[in-house]
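Undergrad: Structure below; questions to follow.
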Amino acid sequence: MNRLSIKDVEKYVENNIQSFHTKRLEGLEIDDIKKLLKRKNPYLFKVKNIDNANDVVRGILDAHISSSEETKFGDWLEGLAIYICGKVYGGQKSSSEGIDLEFSKDGVRYLVNIKSGPNWANSSQINKMVESFKAAKKTLSTSGAKVNVEFINGCCYGKSGNSLLKGYYYKYCGQKFWEFISGDRDLYTKLIEPLGKKAKERNEEFMDKYNALLNKLTRQFIDEFCDEQGKIDWNKIVKLNSADGRGITYNKDSV
């Protein structure tokens, strides 16, 4: 085990965080409001009594961005975790399908599946992860080496207990996860400062592009889905989102 230098972590973040911000900006490369409307639940906006075109577009755009950012930043944090574990325990990206990180400590070989937060999966996704653990263990056992293997679902934020889940893997979240891969009990708080460096400048660039896109999509929305009086035509939106394509028409007063 090597002692983790926070300076190394700061340097890694400085050299690699731009990739996340670049992908974040790429998430704003949307040219048609219809693409967003087809992905979101139109009934939700109506039941919330949102009848302002700008508010509708902002809500749809923000939901799209939030979902995209969570995935992109989760992938970035996975890379950070592998780097940190590599520095301390010689951990590396696993070649086994469904396993993100492999490393050994105290005579145990750990196979780790890394997720952003604790509430990431339904039962079928969890079962798939367990099957990946089982397949990886089988591969290790056929190598001829006798290895004590443990499986971990590591989550970069949140809380969890230490209990063995499904009789097969442990779930470590937040502080417990970062300490597990680094040996540093306080690493989870030490990460905040380097991640926030130059965040203001990067966010200003993002907001400039976001506001321009919001204006563009709002103009499209008004042209496509508002009548001459400026009232939103919810029937047209629902049909775009959910019509089965058979050309069925509906009485406007019946919806």
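Here's how to read the names in the structure tokens: chain A, B, ... by the order shown, residue numbers from 1 in each chain, ligand numbers from 1 in the order shown.
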Give me, as a PDB file with C-alpha atoms, in the first residue's frame, all polymer residues having an atom no more than 10 Å from A:Lys105, counting only C-alpha atoms and skipping those fewer than 6 positions away in the same chain.
TA:
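The resulting file, selection-v3.pdb, is shown below:
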```pdb
ATOM      1  CA  MET A   1       0.000   0.000   0.000  1.00  0.00           C
ATOM      2  CA  VAL A  88      -2.496   3.280  -3.537  1.00  0.00           C
ATOM      3  CA  TYR A  89      -3.075  -0.417  -4.233  1.00  0.00           C
ATOM      4  CA  GLY A  90      -2.017  -0.847  -7.848  1.00  0.00           C
ATOM      5  CA  GLY A  91      -5.653  -1.112  -8.894  1.00  0.00           C
ATOM      6  CA  ILE A 181     -10.042   2.334  -2.455  1.00  0.00           C
TER       7      ILE A 181
END
```
Undergrad: Report as a PDB file with C-alpha atoms, in the first residue's frame all protein, DNA and RNA residues lying within 12 Å of A:Thr22, evaluated on only C-alpha atoms, omitting residues in the same chain fewer than 4 positions from it.
TA:
```pdb
ATOM      1  CA  ASN A  16      -8.826  15.536 -16.843  1.00  0.00           C
ATOM      2  CA  ILE A  17     -11.858  17.518 -15.664  1.00  0.00           C
ATOM      3  CA  GLN A  18     -12.060  19.383 -18.964  1.00  0.00           C
ATOM      4  CA  GLU A  26     -21.833  18.674 -26.225  1.00  0.00           C
ATOM      5  CA  GLY A  27     -25.077  17.830 -24.430  1.00  0.00           C
ATOM      6  CA  LEU A  28     -26.388  21.235 -25.538  1.00  0.00           C
ATOM      7  CA  GLU A  29     -26.018  20.416 -29.216  1.00  0.00           C
ATOM      8  CA  GLU A  69     -24.859  15.114 -16.690  1.00  0.00           C
ATOM      9  CA  LYS A  72     -21.318  11.721 -17.843  1.00  0.00           C
ATOM     10  CA  PHE A  73     -20.024  12.723 -14.415  1.00  0.00           C
ATOM     11  CA  TRP A  76     -15.703  10.601 -15.026  1.00  0.00           C
ATOM     12  CA  ARG A 202     -16.515  26.773 -17.067  1.00  0.00           C
ATOM     13  CA  ASN A 203     -20.085  27.291 -15.906  1.00  0.00           C
ATOM     14  CA  GLU A 205     -19.342  29.229 -20.835  1.00  0.00           C
ATOM     15  CA  PHE A 206     -22.027  26.595 -20.287  1.00  0.00           C
TER      16      PHE A 206
END
```
Undergrad: Can you list, as number ranges by chain, every residue of stretch 3-244 of chain A that DSSP puts in helix (DSSP H, G or I)?
TA: A: 6-26, 33-37, 42-47, 53-89, 123-141, 175-182, 187-190, 192-196, 199-225, 234-242
Undergrad: How far is it from atom CA of A:Lys137 to atom CA of A:Gly79, in Å with one decimal?
TA: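 Computing it gives 23.0 Å between the two atoms.
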Undergrad: If you count only C-alpha atoms, which residues fall within 12 Å of A:Leu4, apart from same-chain ones fewer than 3 positions away, as a list in words?
TA: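 What passes the distance filter is Met1, Lys7, Asp8, Val9, Glu10, Tyr83, Ile84, Cys85, Gly86, Lys87, Val88, Tyr89, Gly90, Trp178, Glu179, Ile181, Ser182, Gly183, Asp184, Arg185, Asp186, Leu187 and Lys190 of chain A.
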Undergrad: Go ahead and compute the interatomic distance for atom CA of A:Gly167 and atom CA of A:Lys134, in Å to one decimal.
TA: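 Atom-to-atom, atom CA of A:Gly167 to atom CA of A:Lys134, that is 11.9 Å.
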Undergrad: Find the residues around stretch 151-165 of chain A up to 9 Å (only C-alpha atoms counted), leave out those fewer than 6 positions away in its own chain, and share them as a ChimeraX atom specification.
TA: /A:74,77-78,81,109-119,129-130,133,171-178,188
Undergrad: Next, dump the selected residues to file, keeping only C-alpha atoms, as a PDB file, in the first residue's frame.
TA:
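Listing of result_31.pdb after writing:
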```pdb
ATOM      1  CA  GLY A  74     -20.523   9.202 -13.091  1.00  0.00           C
ATOM      2  CA  LEU A  77     -15.734   9.731 -11.322  1.00  0.00           C
ATOM      3  CA  GLU A  78     -15.187   6.078 -12.210  1.00  0.00           C
ATOM      4  CA  ALA A  81     -11.578   6.171  -8.557  1.00  0.00           C
ATOM      5  CA  ARG A 109      -8.710  -9.800  -4.605  1.00  0.00           C
ATOM      6  CA  TYR A 110     -11.444  -7.202  -4.925  1.00  0.00           C
ATOM      7  CA  LEU A 111     -13.606  -6.882  -8.017  1.00  0.00           C
ATOM      8  CA  VAL A 112     -15.523  -3.615  -8.010  1.00  0.00           C
ATOM      9  CA  ASN A 113     -18.517  -2.367  -9.963  1.00  0.00           C
ATOM     10  CA  ILE A 114     -18.571   1.445  -9.689  1.00  0.00           C
ATOM     11  CA  LYS A 115     -21.734   3.537  -9.815  1.00  0.00           C
ATOM     12  CA  SER A 116     -22.374   7.211  -9.248  1.00  0.00           C
ATOM     13  CA  GLY A 117     -24.934   6.879  -6.433  1.00  0.00           C
ATOM     14  CA  PRO A 118     -26.674   4.187  -4.376  1.00  0.00           C
ATOM     15  CA  ASN A 119     -30.076   4.171  -6.098  1.00  0.00           C
ATOM     16  CA  MET A 129     -24.278  -7.218 -11.906  1.00  0.00           C
ATOM     17  CA  VAL A 130     -24.290 -10.364  -9.744  1.00  0.00           C
ATOM     18  CA  PHE A 133     -19.425 -11.066 -10.520  1.00  0.00           C
ATOM     19  CA  LYS A 171     -22.149  -2.215  -1.085  1.00  0.00           C
ATOM     20  CA  TYR A 172     -19.885   0.676  -0.089  1.00  0.00           C
ATOM     21  CA  CYS A 173     -21.108   4.239  -0.625  1.00  0.00           C
ATOM     22  CA  GLY A 174     -19.701   7.730  -0.160  1.00  0.00           C
ATOM     23  CA  GLN A 175     -17.060   8.005   2.544  1.00  0.00           C
ATOM     24  CA  LYS A 176     -16.835   4.235   2.919  1.00  0.00           C
ATOM     25  CA  PHE A 177     -16.165   3.704  -0.787  1.00  0.00           C
ATOM     26  CA  TRP A 178     -13.456   6.362  -1.137  1.00  0.00           C
ATOM     27  CA  TYR A 188     -14.482  12.045   0.266  1.00  0.00           C
TER      28      TYR A 188
END
```
Undergrad: So, counting only C-alpha atoms, which residue among A:Asn241, A:Ser67, A:Ser132, A:Asn127 is closest to A:Ser94?
TA: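 Closest residue, counting only C-alpha atoms: A:Ser132.
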Undergrad: Of the candidates A:Ser95, A:Ser104, A:Asn54, A:Ser242, which shows the shortest atom-to-atom distance to A:Asn211, using only C-alpha atoms?
TA: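 Counting only C-alpha atoms, the residue closest to A:Asn211 is A:Asn54.
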Undergrad: Mind pulling up the distance from atom CA of A:Ser66 to atom CA of A:Ile99?
TA: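 Atom-to-atom, atom CA of A:Ile99 and atom CA of A:Ser66 are spaced 25.6 Å apart.
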